[in-house]
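Pasting data26.pdb here (PDB, C-alpha atoms, pLDDT in the B column):
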```pdb
ATOM      1  CA  MET A  20     130.418 117.025  85.068  1.00 91.00           C
ATOM      2  CA  VAL A  21     128.351 115.124  82.476  1.00 87.00           C
ATOM      3  CA  LYS A  22     130.836 115.871  79.695  1.00 91.00           C
ATOM      4  CA  LEU A  23     133.780 114.868  81.879  1.00 94.00           C
ATOM      5  CA  LYS A  24     132.057 111.602  82.853  1.00 94.00           C
ATOM      6  CA  LYS A  25     131.420 110.760  79.186  1.00 94.00           C
ATOM      7  CA  CYS A  26     135.048 111.535  78.268  1.00 95.00           C
ATOM      8  CA  MET A  27     136.283 109.390  81.166  1.00 96.00           C
ATOM      9  CA  ASP A  28     134.077 106.505  79.982  1.00 96.00           C
ATOM     10  CA  LEU A  29     135.474 106.780  76.438  1.00 96.00           C
ATOM     11  CA  LEU A  30     139.027 106.841  77.814  1.00 97.00           C
ATOM     12  CA  ARG A  31     138.319 103.791  79.991  1.00 97.00           C
ATOM     13  CA  VAL A  32     136.965 101.853  76.985  1.00 96.00           C
ATOM     14  CA  SER A  33     139.986 102.787  74.864  1.00 96.00           C
ATOM     15  CA  ILE A  34     142.489 101.840  77.582  1.00 97.00           C
ATOM     16  CA  GLY A  35     140.576  98.608  78.279  1.00 97.00           C
ATOM     17  CA  GLU A  36     140.684  97.620  74.605  1.00 96.00           C
ATOM     18  CA  ASP A  37     144.457  98.089  74.620  1.00 96.00           C
ATOM     19  CA  GLN A  38     144.702  95.903  77.723  1.00 97.00           C
ATOM     20  CA  ILE A  39     142.633  93.173  76.024  1.00 96.00           C
ATOM     21  CA  LYS A  40     145.175  93.122  73.183  1.00 95.00           C
ATOM     22  CA  ARG A  41     147.915  92.592  75.754  1.00 95.00           C
ATOM     23  CA  GLY A  42     145.977  89.675  77.279  1.00 95.00           C
ATOM     24  CA  LEU A  43     146.253  90.991  80.834  1.00 96.00           C
ATOM     25  CA  ARG A  44     143.455  90.939  83.420  1.00 95.00           C
ATOM     26  CA  ARG A  45     145.236  93.525  85.543  1.00 96.00           C
ATOM     27  CA  MET A  46     147.670  96.301  84.648  1.00 97.00           C
ATOM     28  CA  GLU A  47     149.271  98.764  87.031  1.00 97.00           C
ATOM     29  CA  TRP A  48     150.791 102.067  85.978  1.00 97.00           C
ATOM     30  CA  THR A  49     152.672 102.727  89.200  1.00 96.00           C
ATOM     31  CA  GLU A  50     154.198 106.053  88.169  1.00 96.00           C
ATOM     32  CA  LEU A  51     150.674 107.416  87.495  1.00 97.00           C
ATOM     33  CA  GLY A  52     149.034 105.664  90.455  1.00 97.00           C
ATOM     34  CA  ILE A  53     146.426 103.995  88.216  1.00 98.00           C
ATOM     35  CA  VAL A  54     145.303 100.368  87.877  1.00 98.00           C
ATOM     36  CA  GLY A  55     143.069  98.719  85.289  1.00 97.00           C
ATOM     37  CA  SER A  56     141.429  95.340  85.871  1.00 97.00           C
ATOM     38  CA  PHE A  57     138.843  93.009  84.357  1.00 96.00           C
ATOM     39  CA  ASN A  58     136.457  91.411  86.850  1.00 93.00           C
ATOM     40  CA  SER A  59     133.782  88.770  86.343  1.00 92.00           C
ATOM     41  CA  MET A  60     130.546  88.696  88.324  1.00 89.00           C
ATOM     42  CA  ASN A  61     128.020  85.883  88.499  1.00 88.00           C
ATOM     43  CA  VAL A  62     124.378  86.850  88.120  1.00 87.00           C
ATOM     44  CA  TYR A  63     122.109  84.415  89.926  1.00 87.00           C
ATOM     45  CA  GLU A  64     118.489  83.498  89.278  1.00 85.00           C
ATOM     46  CA  LYS A  65     116.303  85.776  91.345  1.00 79.00           C
ATOM     47  CA  HIS A  66     113.414  83.421  92.056  1.00 80.00           C
ATOM     48  CA  ASN A  67     115.164  80.235  93.172  1.00 89.00           C
ATOM     49  CA  MET A  68     112.583  78.333  95.198  1.00 92.00           C
ATOM     50  CA  GLU A  69     115.074  75.688  96.326  1.00 93.00           C
ATOM     51  CA  LEU A  70     117.268  78.446  97.785  1.00 94.00           C
ATOM     52  CA  MET A  71     114.247  80.077  99.466  1.00 93.00           C
ATOM     53  CA  GLU A  72     113.259  76.745 101.009  1.00 94.00           C
ATOM     54  CA  CYS A  73     116.804  76.365 102.343  1.00 94.00           C
ATOM     55  CA  PHE A  74     116.695  79.810 103.965  1.00 94.00           C
ATOM     56  CA  ASP A  75     113.210  79.082 105.335  1.00 93.00           C
ATOM     57  CA  ASN A  76     114.312  75.734 106.807  1.00 94.00           C
ATOM     58  CA  HIS A  77     117.161  77.500 108.594  1.00 94.00           C
ATOM     59  CA  GLY A  78     114.827  80.300 109.768  1.00 94.00           C
ATOM     60  CA  VAL A  79     116.763  83.169 108.192  1.00 95.00           C
ATOM     61  CA  ILE A  80     114.585  84.485 105.344  1.00 95.00           C
ATOM     62  CA  GLY A  81     113.993  87.795 107.128  1.00 95.00           C
ATOM     63  CA  GLN A  82     117.705  88.113 107.881  1.00 96.00           C
ATOM     64  CA  VAL A  83     119.246  87.381 104.457  1.00 96.00           C
ATOM     65  CA  MET A  84     116.600  88.860 102.125  1.00 95.00           C
ATOM     66  CA  ASN A  85     115.852  92.504 101.400  1.00 94.00           C
ATOM     67  CA  ILE A  86     113.029  94.262  99.587  1.00 95.00           C
ATOM     68  CA  LYS A  87     112.393  97.813  98.389  1.00 94.00           C
ATOM     69  CA  TRP A  88     109.380  99.899  99.386  1.00 95.00           C
ATOM     70  CA  ARG A  89     108.181 100.235  95.779  1.00 95.00           C
ATOM     71  CA  GLU A  90     108.187  96.441  95.393  1.00 95.00           C
ATOM     72  CA  LEU A  91     105.471  96.143  98.037  1.00 96.00           C
ATOM     73  CA  LEU A  92     101.812  96.220  96.982  1.00 95.00           C
ATOM     74  CA  SER A  93      99.771  99.269  98.032  1.00 95.00           C
ATOM     75  CA  HIS A  94      97.867  97.426 100.781  1.00 95.00           C
ATOM     76  CA  GLU A  95     101.164  95.984 102.078  1.00 96.00           C
ATOM     77  CA  GLN A  96     102.652  99.490 102.258  1.00 95.00           C
ATOM     78  CA  VAL A  97      99.674 100.620 104.334  1.00 94.00           C
ATOM     79  CA  LEU A  98     100.123  97.731 106.783  1.00 94.00           C
ATOM     80  CA  ILE A  99     103.775  98.522 107.600  1.00 94.00           C
ATOM     81  CA  SER A 100     103.845 102.281 106.949  1.00 91.00           C
ATOM     82  CA  GLY A 101     104.021 103.006 110.672  1.00 91.00           C
ATOM     83  CA  LEU A 102     107.172 100.908 111.009  1.00 92.00           C
ATOM     84  CA  CYS A 103     109.125 102.569 108.197  1.00 92.00           C
ATOM     85  CA  LYS A 104     111.969 105.013 108.662  1.00 90.00           C
ATOM     86  CA  PRO A 105     111.487 108.122 106.479  1.00 91.00           C
ATOM     87  CA  LYS A 106     114.419 109.192 104.335  1.00 91.00           C
ATOM     88  CA  GLU A 107     115.394 112.733 103.464  1.00 91.00           C
ATOM     89  CA  PRO A 108     114.121 114.002 100.094  1.00 94.00           C
ATOM     90  CA  TYR A 109     116.642 114.896  97.417  1.00 94.00           C
ATOM     91  CA  ILE A 110     117.052 117.420  94.621  1.00 93.00           C
ATOM     92  CA  ARG A 111     116.796 116.586  90.915  1.00 94.00           C
ATOM     93  CA  PHE A 112     118.232 119.143  88.500  1.00 92.00           C
ATOM     94  CA  THR A 113     116.901 119.309  84.926  1.00 91.00           C
ATOM     95  CA  PRO A 114     119.095 121.514  82.711  1.00 86.00           C
ATOM     96  CA  LYS A 115     117.514 123.838  80.168  1.00 83.00           C
ATOM     97  CA  ARG A 116     117.960 122.683  76.595  1.00 76.00           C
ATOM     98  CA  ASN A 117     118.953 125.345  74.083  1.00 69.00           C
ATOM     99  CA  ARG A 118     118.377 124.511  70.424  1.00 62.00           C
ATOM    100  CA  ASN A 119     121.239 126.749  69.372  1.00 53.00           C
ATOM    101  CA  GLU A 120     123.622 125.192  71.819  1.00 52.00           C
ATOM    102  CA  SER A 121     126.040 122.913  69.947  1.00 53.00           C
ATOM    103  CA  ALA A 122     126.436 119.461  71.449  1.00 58.00           C
ATOM    104  CA  TYR A 123     129.881 118.388  72.599  1.00 67.00           C
ATOM    105  CA  ASP A 124     131.576 116.504  69.771  1.00 78.00           C
ATOM    106  CA  PHE A 125     132.123 113.076  71.328  1.00 87.00           C
ATOM    107  CA  ASP A 126     132.665 111.514  67.885  1.00 85.00           C
ATOM    108  CA  GLY A 127     135.551 113.911  67.363  1.00 88.00           C
ATOM    109  CA  TYR A 128     136.844 113.088  70.831  1.00 90.00           C
ATOM    110  CA  GLN A 129     136.863 109.363  70.004  1.00 89.00           C
ATOM    111  CA  LEU A 130     138.776 110.039  66.777  1.00 89.00           C
ATOM    112  CA  LYS A 131     141.338 111.994  68.798  1.00 90.00           C
ATOM    113  CA  LEU A 132     141.870 108.990  71.081  1.00 92.00           C
ATOM    114  CA  VAL A 133     142.762 106.780  68.114  1.00 90.00           C
ATOM    115  CA  ASN A 134     145.922 108.835  67.540  1.00 90.00           C
ATOM    116  CA  GLN A 135     146.726 109.310  71.217  1.00 94.00           C
ATOM    117  CA  SER A 136     149.122 107.065  73.142  1.00 96.00           C
ATOM    118  CA  ILE A 137     147.795 104.999  76.050  1.00 96.00           C
ATOM    119  CA  HIS A 138     150.139 106.876  78.387  1.00 96.00           C
ATOM    120  CA  SER A 139     148.623 110.208  77.290  1.00 97.00           C
ATOM    121  CA  GLN A 140     145.120 108.779  77.680  1.00 97.00           C
ATOM    122  CA  LEU A 141     145.919 107.679  81.232  1.00 97.00           C
ATOM    123  CA  ILE A 142     147.227 111.144  82.108  1.00 97.00           C
ATOM    124  CA  GLU A 143     144.074 112.702  80.639  1.00 97.00           C
ATOM    125  CA  TRP A 144     141.823 110.236  82.510  1.00 97.00           C
ATOM    126  CA  LYS A 145     143.562 111.062  85.796  1.00 97.00           C
ATOM    127  CA  SER A 146     143.277 114.811  85.158  1.00 97.00           C
ATOM    128  CA  ASN A 147     139.580 114.469  84.274  1.00 97.00           C
ATOM    129  CA  LYS A 148     138.993 112.292  87.350  1.00 97.00           C
ATOM    130  CA  TRP A 149     140.574 114.901  89.633  1.00 97.00           C
ATOM    131  CA  LEU A 150     138.467 117.695  88.143  1.00 97.00           C
ATOM    132  CA  TYR A 151     135.302 115.572  88.210  1.00 97.00           C
ATOM    133  CA  ASN A 152     135.769 114.834  91.928  1.00 96.00           C
ATOM    134  CA  ARG A 153     136.199 118.560  92.688  1.00 97.00           C
ATOM    135  CA  LEU A 154     133.054 119.436  90.707  1.00 97.00           C
ATOM    136  CA  PHE A 155     131.132 116.592  92.338  1.00 96.00           C
ATOM    137  CA  ASP A 156     132.058 117.825  95.838  1.00 97.00           C
ATOM    138  CA  SER A 157     130.826 121.310  94.882  1.00 96.00           C
ATOM    139  CA  TRP A 158     127.658 119.832  93.390  1.00 95.00           C
ATOM    140  CA  VAL A 159     126.881 118.000  96.654  1.00 95.00           C
ATOM    141  CA  ILE A 160     127.107 121.309  98.561  1.00 96.00           C
ATOM    142  CA  ILE A 161     124.925 123.104  95.984  1.00 94.00           C
ATOM    143  CA  ARG A 162     122.262 120.379  96.152  1.00 93.00           C
ATOM    144  CA  LYS A 163     122.159 120.568  99.960  1.00 94.00           C
ATOM    145  CA  ARG A 164     121.651 124.339  99.794  1.00 94.00           C
ATOM    146  CA  ALA A 165     118.989 123.982  97.095  1.00 94.00           C
ATOM    147  CA  LEU A 166     117.205 121.316  99.152  1.00 94.00           C
ATOM    148  CA  GLN A 167     117.205 123.522 102.225  1.00 94.00           C
ATOM    149  CA  GLY A 168     115.924 126.444 100.150  1.00 93.00           C
ATOM    150  CA  LEU A 169     112.978 124.495  98.726  1.00 94.00           C
ATOM    151  CA  LEU A 170     112.076 123.075 102.140  1.00 94.00           C
ATOM    152  CA  GLU A 171     112.156 126.524 103.766  1.00 94.00           C
ATOM    153  CA  GLN A 172     109.992 127.988 100.997  1.00 93.00           C
ATOM    154  CA  LYS A 173     107.727 124.925 101.046  1.00 91.00           C
ATOM    155  CA  LYS A 174     108.166 124.505  97.299  1.00 92.00           C
ATOM    156  CA  ARG A 175     108.380 121.337  95.264  1.00 94.00           C
ATOM    157  CA  LYS A 176     109.876 122.963  92.180  1.00 94.00           C
ATOM    158  CA  GLU A 177     111.829 126.077  91.238  1.00 93.00           C
ATOM    159  CA  ILE A 178     112.331 127.339  87.674  1.00 93.00           C
ATOM    160  CA  LEU A 179     115.799 128.800  87.064  1.00 90.00           C
ATOM    161  CA  PRO A 180     117.438 130.521  84.056  1.00 91.00           C
ATOM    162  CA  VAL A 181     119.593 127.383  83.563  1.00 87.00           C
ATOM    163  CA  GLY A 182     116.831 124.824  84.078  1.00 90.00           C
ATOM    164  CA  SER A 183     114.768 123.664  87.048  1.00 93.00           C
ATOM    165  CA  ILE A 184     115.181 121.897  90.385  1.00 94.00           C
ATOM    166  CA  SER A 185     112.575 119.540  91.806  1.00 95.00           C
ATOM    167  CA  LEU A 186     112.082 118.125  95.279  1.00 95.00           C
ATOM    168  CA  ILE A 187     111.875 114.328  95.075  1.00 95.00           C
ATOM    169  CA  GLN A 188     110.641 112.343  98.059  1.00 92.00           C
ATOM    170  CA  SER A 189     112.780 109.260  98.710  1.00 93.00           C
ATOM    171  CA  ASP A 190     111.153 105.906  99.412  1.00 94.00           C
ATOM    172  CA  PRO A 191     111.109 105.099 103.133  1.00 94.00           C
ATOM    173  CA  GLU A 192     113.578 102.621 104.589  1.00 93.00           C
ATOM    174  CA  ILE A 193     111.995  99.305 105.494  1.00 94.00           C
ATOM    175  CA  SER A 194     113.138  96.315 107.529  1.00 94.00           C
ATOM    176  CA  SER A 195     112.896  92.838 106.016  1.00 95.00           C
ATOM    177  CA  LEU A 196     112.188  91.493 109.504  1.00 95.00           C
ATOM    178  CA  HIS A 197     109.164  93.804 109.795  1.00 95.00           C
ATOM    179  CA  VAL A 198     107.985  92.672 106.352  1.00 96.00           C
ATOM    180  CA  GLN A 199     108.320  89.049 107.414  1.00 95.00           C
ATOM    181  CA  LYS A 200     106.560  89.597 110.744  1.00 95.00           C
ATOM    182  CA  TYR A 201     103.547  91.530 109.434  1.00 95.00           C
ATOM    183  CA  LEU A 202     103.293  90.398 105.795  1.00 96.00           C
ATOM    184  CA  GLY A 203     104.834  86.921 105.890  1.00 95.00           C
ATOM    185  CA  ASN A 204     107.519  85.391 103.699  1.00 95.00           C
ATOM    186  CA  GLU A 205     105.692  85.753 100.376  1.00 95.00           C
ATOM    187  CA  PRO A 206     106.745  89.354  99.525  1.00 95.00           C
ATOM    188  CA  LEU A 207     110.379  88.574 100.333  1.00 95.00           C
ATOM    189  CA  ILE A 208     110.372  85.340  98.323  1.00 93.00           C
ATOM    190  CA  SER A 209     108.514  86.608  95.254  1.00 92.00           C
ATOM    191  CA  ARG A 210     109.780  90.214  95.048  1.00 93.00           C
ATOM    192  CA  GLY A 211     112.820  90.457  97.295  1.00 93.00           C
ATOM    193  CA  GLY A 212     116.509  89.920  96.640  1.00 92.00           C
ATOM    194  CA  VAL A 213     119.251  87.931  98.357  1.00 93.00           C
ATOM    195  CA  ASP A 214     121.765  89.988 100.349  1.00 93.00           C
ATOM    196  CA  MET A 215     124.978  88.004  99.803  1.00 91.00           C
ATOM    197  CA  SER A 216     126.862  89.879 102.538  1.00 93.00           C
ATOM    198  CA  LYS A 217     124.186  88.707 105.003  1.00 94.00           C
ATOM    199  CA  VAL A 218     124.330  85.168 103.582  1.00 94.00           C
ATOM    200  CA  LYS A 219     128.088  85.075 104.234  1.00 93.00           C
ATOM    201  CA  GLU A 220     127.561  86.501 107.722  1.00 94.00           C
ATOM    202  CA  TYR A 221     124.969  83.876 108.689  1.00 94.00           C
ATOM    203  CA  ALA A 222     127.094  81.120 107.137  1.00 94.00           C
ATOM    204  CA  ALA A 223     129.943  82.287 109.381  1.00 93.00           C
ATOM    205  CA  ARG A 224     127.538  82.212 112.349  1.00 92.00           C
ATOM    206  CA  GLY A 225     126.947  78.524 111.637  1.00 92.00           C
ATOM    207  CA  PHE A 226     123.320  78.621 110.399  1.00 93.00           C
ATOM    208  CA  PHE A 227     124.360  76.847 107.189  1.00 92.00           C
ATOM    209  CA  SER A 228     127.502  76.284 105.134  1.00 91.00           C
ATOM    210  CA  LEU A 229     128.463  78.555 102.245  1.00 91.00           C
ATOM    211  CA  PRO A 230     129.234  75.583  99.931  1.00 92.00           C
ATOM    212  CA  GLU A 231     125.678  74.361 100.602  1.00 91.00           C
ATOM    213  CA  ILE A 232     124.271  77.679  99.361  1.00 92.00           C
ATOM    214  CA  GLN A 233     126.641  77.823  96.376  1.00 89.00           C
ATOM    215  CA  GLN A 234     125.447  74.393  95.228  1.00 91.00           C
ATOM    216  CA  ILE A 235     121.825  75.542  95.276  1.00 92.00           C
ATOM    217  CA  GLN A 236     122.386  78.916  93.575  1.00 89.00           C
ATOM    218  CA  LYS A 237     121.765  78.899  89.840  1.00 87.00           C
ATOM    219  CA  ILE A 238     123.875  81.164  87.619  1.00 88.00           C
ATOM    220  CA  SER A 239     121.844  82.908  84.910  1.00 88.00           C
ATOM    221  CA  ASP A 240     124.654  85.042  83.493  1.00 91.00           C
ATOM    222  CA  VAL A 241     128.322  85.950  83.919  1.00 91.00           C
ATOM    223  CA  ARG A 242     129.169  89.596  83.386  1.00 91.00           C
ATOM    224  CA  SER A 243     132.609  91.037  82.831  1.00 91.00           C
ATOM    225  CA  ALA A 244     133.483  94.657  83.502  1.00 94.00           C
ATOM    226  CA  TYR A 245     136.629  96.712  83.083  1.00 96.00           C
ATOM    227  CA  THR A 246     137.475  99.052  85.928  1.00 96.00           C
ATOM    228  CA  LEU A 247     139.967 101.896  85.854  1.00 97.00           C
ATOM    229  CA  MET A 248     140.778 103.429  89.233  1.00 96.00           C
ATOM    230  CA  GLU A 249     143.459 105.056  91.316  1.00 96.00           C
ATOM    231  CA  LEU A 250     145.737 102.679  93.224  1.00 96.00           C
ATOM    232  CA  THR A 251     144.818 104.340  96.523  1.00 95.00           C
ATOM    233  CA  ARG A 252     141.150 103.475  95.957  1.00 95.00           C
ATOM    234  CA  GLU A 253     141.981  99.874  95.047  1.00 95.00           C
ATOM    235  CA  ARG A 254     143.929  99.561  98.295  1.00 95.00           C
ATOM    236  CA  ARG A 255     141.014 100.990 100.295  1.00 96.00           C
ATOM    237  CA  LEU A 256     138.643  98.479  98.693  1.00 94.00           C
ATOM    238  CA  ALA A 257     141.077  95.635  99.429  1.00 94.00           C
ATOM    239  CA  THR A 258     141.246  96.751 103.080  1.00 95.00           C
ATOM    240  CA  GLN A 259     137.443  96.750 103.324  1.00 94.00           C
ATOM    241  CA  ILE A 260     137.293  93.211 101.874  1.00 92.00           C
ATOM    242  CA  ASN A 261     139.940  92.013 104.333  1.00 94.00           C
ATOM    243  CA  GLN A 262     138.012  93.566 107.234  1.00 94.00           C
ATOM    244  CA  LYS A 263     134.888  91.658 106.168  1.00 92.00           C
ATOM    245  CA  GLN A 264     136.866  88.434 105.965  1.00 91.00           C
ATOM    246  CA  PHE A 265     138.210  89.010 109.493  1.00 92.00           C
ATOM    247  CA  LEU A 266     134.631  89.627 110.673  1.00 92.00           C
ATOM    248  CA  TYR A 267     133.380  86.378 109.103  1.00 90.00           C
ATOM    249  CA  ALA A 268     136.327  84.472 110.615  1.00 91.00           C
ATOM    250  CA  ARG A 269     135.589  85.911 114.067  1.00 90.00           C
ATOM    251  CA  LEU A 270     131.879  85.060 113.790  1.00 87.00           C
ATOM    252  CA  SER A 271     132.810  81.534 112.736  1.00 87.00           C
ATOM    253  CA  ARG A 272     135.082  81.082 115.768  1.00 87.00           C
ATOM    254  CA  GLU A 273     132.400  82.444 118.109  1.00 86.00           C
ATOM    255  CA  SER A 274     129.755  80.090 116.660  1.00 81.00           C
ATOM    256  CA  GLN A 275     131.948  77.101 117.491  1.00 77.00           C
ATOM    257  CA  ILE A 276     132.417  78.040 121.159  1.00 70.00           C
TER     258      ILE A 276
END
```
When written as structure tokens, how does the structure in this file appear?
Amino acid sequence: MVKLKKCMDLLRVSIGEDQIKRGLRRMEWTELGIVGSFNSMNVYEKHNMELMECFDNHGVIGQVMNIKWRELLSHEQVLISGLCKPKEPYIRFTPKRNRNESAYDFDGYQLKLVNQSIHSQLIEWKSNKWLYNRLFDSWVIIRKRALQGLLEQKKRKEILPVGSISLIQSDPEISSLHVQKYLGNEPLISRGGVDMSKVKEYAARGFFSLPEIQQIQKISDVRSAYTLMELTRERRLATQINQKQFLYARLSRESQI
């Protein structure tokens, strides 16, 4: 799985570089069912006091902010521990390293791509993607069985001929509203993050306008990423985005009644 993922990443970079030369933000290889696209994402300043004041004035800090358990101080964790929802532990696999085991030659793989056509690279990426998905599905089943085995044996670690598996306890799930109620706004403002999907939802509900928030937000960076995916997945993502837009439109209509 790790080798396949690395090969897929190298293929994606190679195909993306070819697309840059063509000057196209989006390319679709319909006969292969693959699409490649460049997308830009704004990165906003995390500690924007003007934005926090706006949320506070509208009374929605607990609704549009989120915070992770590990970002709370130890005494804060104690205060809300009884309100947290525990999450299931998970398995971490550490493979055994063999000194005599030769590493996969990724440099040689990159050299091979130089002399390979983009069409061949796309076919190889799709084949690797299919195999990776099958292996990943099997890996999910194996991890569930391993987790159950460790829990039944009340073990935190098991040494295997191929490495070791460890039981890792997940951080509990916490509610920003509980944090606000029992710890105040300070943890959310100083260590939390803005949930933009919630911001859009509450803008649609009429608490504030989205342009108002966009004027206050300060962009610290703009990141560009190249994505290679199957057309069916792109269509699923587009459907999900459209469903969210319909939801926001419905909330907006309801807020005006």
Can you spell out as a PyMOL selection string the set of residues that the PyMOL selection byres ((chain A and resi 210) around 8) selects in the structure I just provided? chain A and resi 86+90-91+206-209+211-212
Create the file for the chosen residues now, containing C-alpha atoms and written as a PDB file, in the coordinates of the input.
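The result, written out as result_23.pdb:
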```pdb
ATOM      1  CA  ILE A  86     113.029  94.262  99.587  1.00 95.00           C
ATOM      2  CA  GLU A  90     108.187  96.441  95.393  1.00 95.00           C
ATOM      3  CA  LEU A  91     105.471  96.143  98.037  1.00 96.00           C
ATOM      4  CA  PRO A 206     106.745  89.354  99.525  1.00 95.00           C
ATOM      5  CA  LEU A 207     110.379  88.574 100.333  1.00 95.00           C
ATOM      6  CA  ILE A 208     110.372  85.340  98.323  1.00 93.00           C
ATOM      7  CA  SER A 209     108.514  86.608  95.254  1.00 92.00           C
ATOM      8  CA  GLY A 211     112.820  90.457  97.295  1.00 93.00           C
ATOM      9  CA  GLY A 212     116.509  89.920  96.640  1.00 92.00           C
TER      10      GLY A 212
END
```
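Residues in contact with region 259-275 of chain A at up to 10 Å, not including ones fewer than 4 positions away on its chain and judged by only C-alpha atoms, are Ser216, Lys219, Glu220, Tyr221, Ala222, Ala223, Arg224, Gly225, Phe226, Glu253, Arg254 and Arg255 of chain A.
Counting all atoms listed in the file, the residue from A:Lys24, A:Arg242, A:Lys148, A:Lys237 that sits nearest to Ser59 (chain A) is A:Arg242.
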I need the residue set behind the PyMOL selection byres ((chain A and resi 101) around 12) for this file; please write it as number ranges by chain. A: 95-100, 102-105, 191-194, 197-198, 201
In Å to one decimal, how far is CA of Asn58 (chain A) from CA of Gly42 (chain A)?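 About the pair CA of Gly42 (chain A) and CA of Asn58 (chain A): they are 13.6 Å apart.
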Best match for closeness to Ile53 (chain A) among A:Ala165, A:Leu70, A:Met20, A:Ile142, counting all atoms listed in the file: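 Of A:Ala165, A:Leu70, A:Met20, A:Ile142, the one nearest Ile53 (chain A) is A:Ile142, counting all atoms listed in the file.
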Have a look at CA of Trp149 (chain A) and CA of Glu36 (chain A) and let me know their distance in Å, one decimal.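 Going from CA of Trp149 (chain A) over to CA of Glu36 (chain A), I get 22.9 Å.
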Just give me the gap between CA of Arg116 (chain A) and CA of Val159 (chain A) in Å, one decimal is fine.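 Answer for the CA of Arg116 (chain A) to CA of Val159 (chain A) separation: 22.4 Å.
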Looking at A:Leu256, A:Val241, A:Leu51, A:Cys26, which one is nearest to Gly127 (chain A), with distances taken over all atoms listed in the file? A:Cys26
Given the PyMOL selection byres ((chain A and resi 147) around 12), the residues it picks as a list in words: Met20, Val21, Lys22, Leu23, Lys24, Lys25, Cys26, Met27, Asp28, Leu29, Leu30, Arg31, Gln140, Leu141, Ile142, Glu143, Trp144, Lys145, Ser146, Lys148, Trp149, Leu150, Tyr151, Asn152, Arg153, Leu154 and Phe155 of chain A
For Leu179 (chain A), list every protein, DNA or RNA residue within 12 Å, evaluated using all atoms listed in the file, and leave out those in the same chain fewer than 2 positions away; present the list as a list in words.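 The neighbour list is Phe112, Thr113, Pro114, Lys115, Ala165, Lys176, Glu177, Val181, Gly182, Ser183, Ile184 and Ser185 of chain A.
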Could those selected residues go to a file with C-alpha atoms, as a compact mmCIF listing (two decimals), in the coordinates of the input?
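The result, stored in result.txt:
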```
# COMPACT_ATOMS: atom_id res chain seq x y z
CA PHE A 112 118.23 119.14 88.50
CA THR A 113 116.90 119.31 84.93
CA PRO A 114 119.10 121.51 82.71
CA LYS A 115 117.51 123.84 80.17
CA ALA A 165 118.99 123.98 97.10
CA LYS A 176 109.88 122.96 92.18
CA GLU A 177 111.83 126.08 91.24
CA VAL A 181 119.59 127.38 83.56
CA GLY A 182 116.83 124.82 84.08
CA SER A 183 114.77 123.66 87.05
CA ILE A 184 115.18 121.90 90.38
CA SER A 185 112.58 119.54 91.81
```
Report as a PDB file with C-alpha atoms, in the frame of the given file all protein, DNA and RNA residues lying within 12 Å of Glu72 (chain A), evaluated on all atoms listed in the file, omitting residues in the same chain fewer than 4 positions from it.
```
ATOM      1  CA  HIS A  66     113.414  83.421  92.056  1.00 80.00           C
ATOM      2  CA  ASN A  67     115.164  80.235  93.172  1.00 89.00           C
ATOM      3  CA  MET A  68     112.583  78.333  95.198  1.00 92.00           C
ATOM      4  CA  ASN A  76     114.312  75.734 106.807  1.00 94.00           C
ATOM      5  CA  HIS A  77     117.161  77.500 108.594  1.00 94.00           C
ATOM      6  CA  GLY A  78     114.827  80.300 109.768  1.00 94.00           C
ATOM      7  CA  VAL A  79     116.763  83.169 108.192  1.00 95.00           C
ATOM      8  CA  ILE A  80     114.585  84.485 105.344  1.00 95.00           C
ATOM      9  CA  ASN A 204     107.519  85.391 103.699  1.00 95.00           C
ATOM     10  CA  GLU A 205     105.692  85.753 100.376  1.00 95.00           C
ATOM     11  CA  ILE A 208     110.372  85.340  98.323  1.00 93.00           C
ATOM     12  CA  ILE A 232     124.271  77.679  99.361  1.00 92.00           C
ATOM     13  CA  ILE A 235     121.825  75.542  95.276  1.00 92.00           C
ATOM     14  CA  GLN A 236     122.386  78.916  93.575  1.00 89.00           C
TER      15      GLN A 236
END
```
Proximity to Leu229 (chain A) - best of A:Thr258, A:Pro180, A:Ile34, A:Cys73, all atoms listed in the file: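 Checking each of A:Thr258, A:Pro180, A:Ile34, A:Cys73 against Leu229 (chain A), counting all atoms listed in the file, the winner is A:Cys73.
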Edge lengths and centre in Å, axis-aligned, region 89-94 of chain A plus 6 Å each side, as lines of an AutoDock Vina configuration file:
```
center_x = 103.0
center_y = 98.2
center_z = 98.1
size_x = 22.3
size_y = 16.1
size_z = 17.4
```
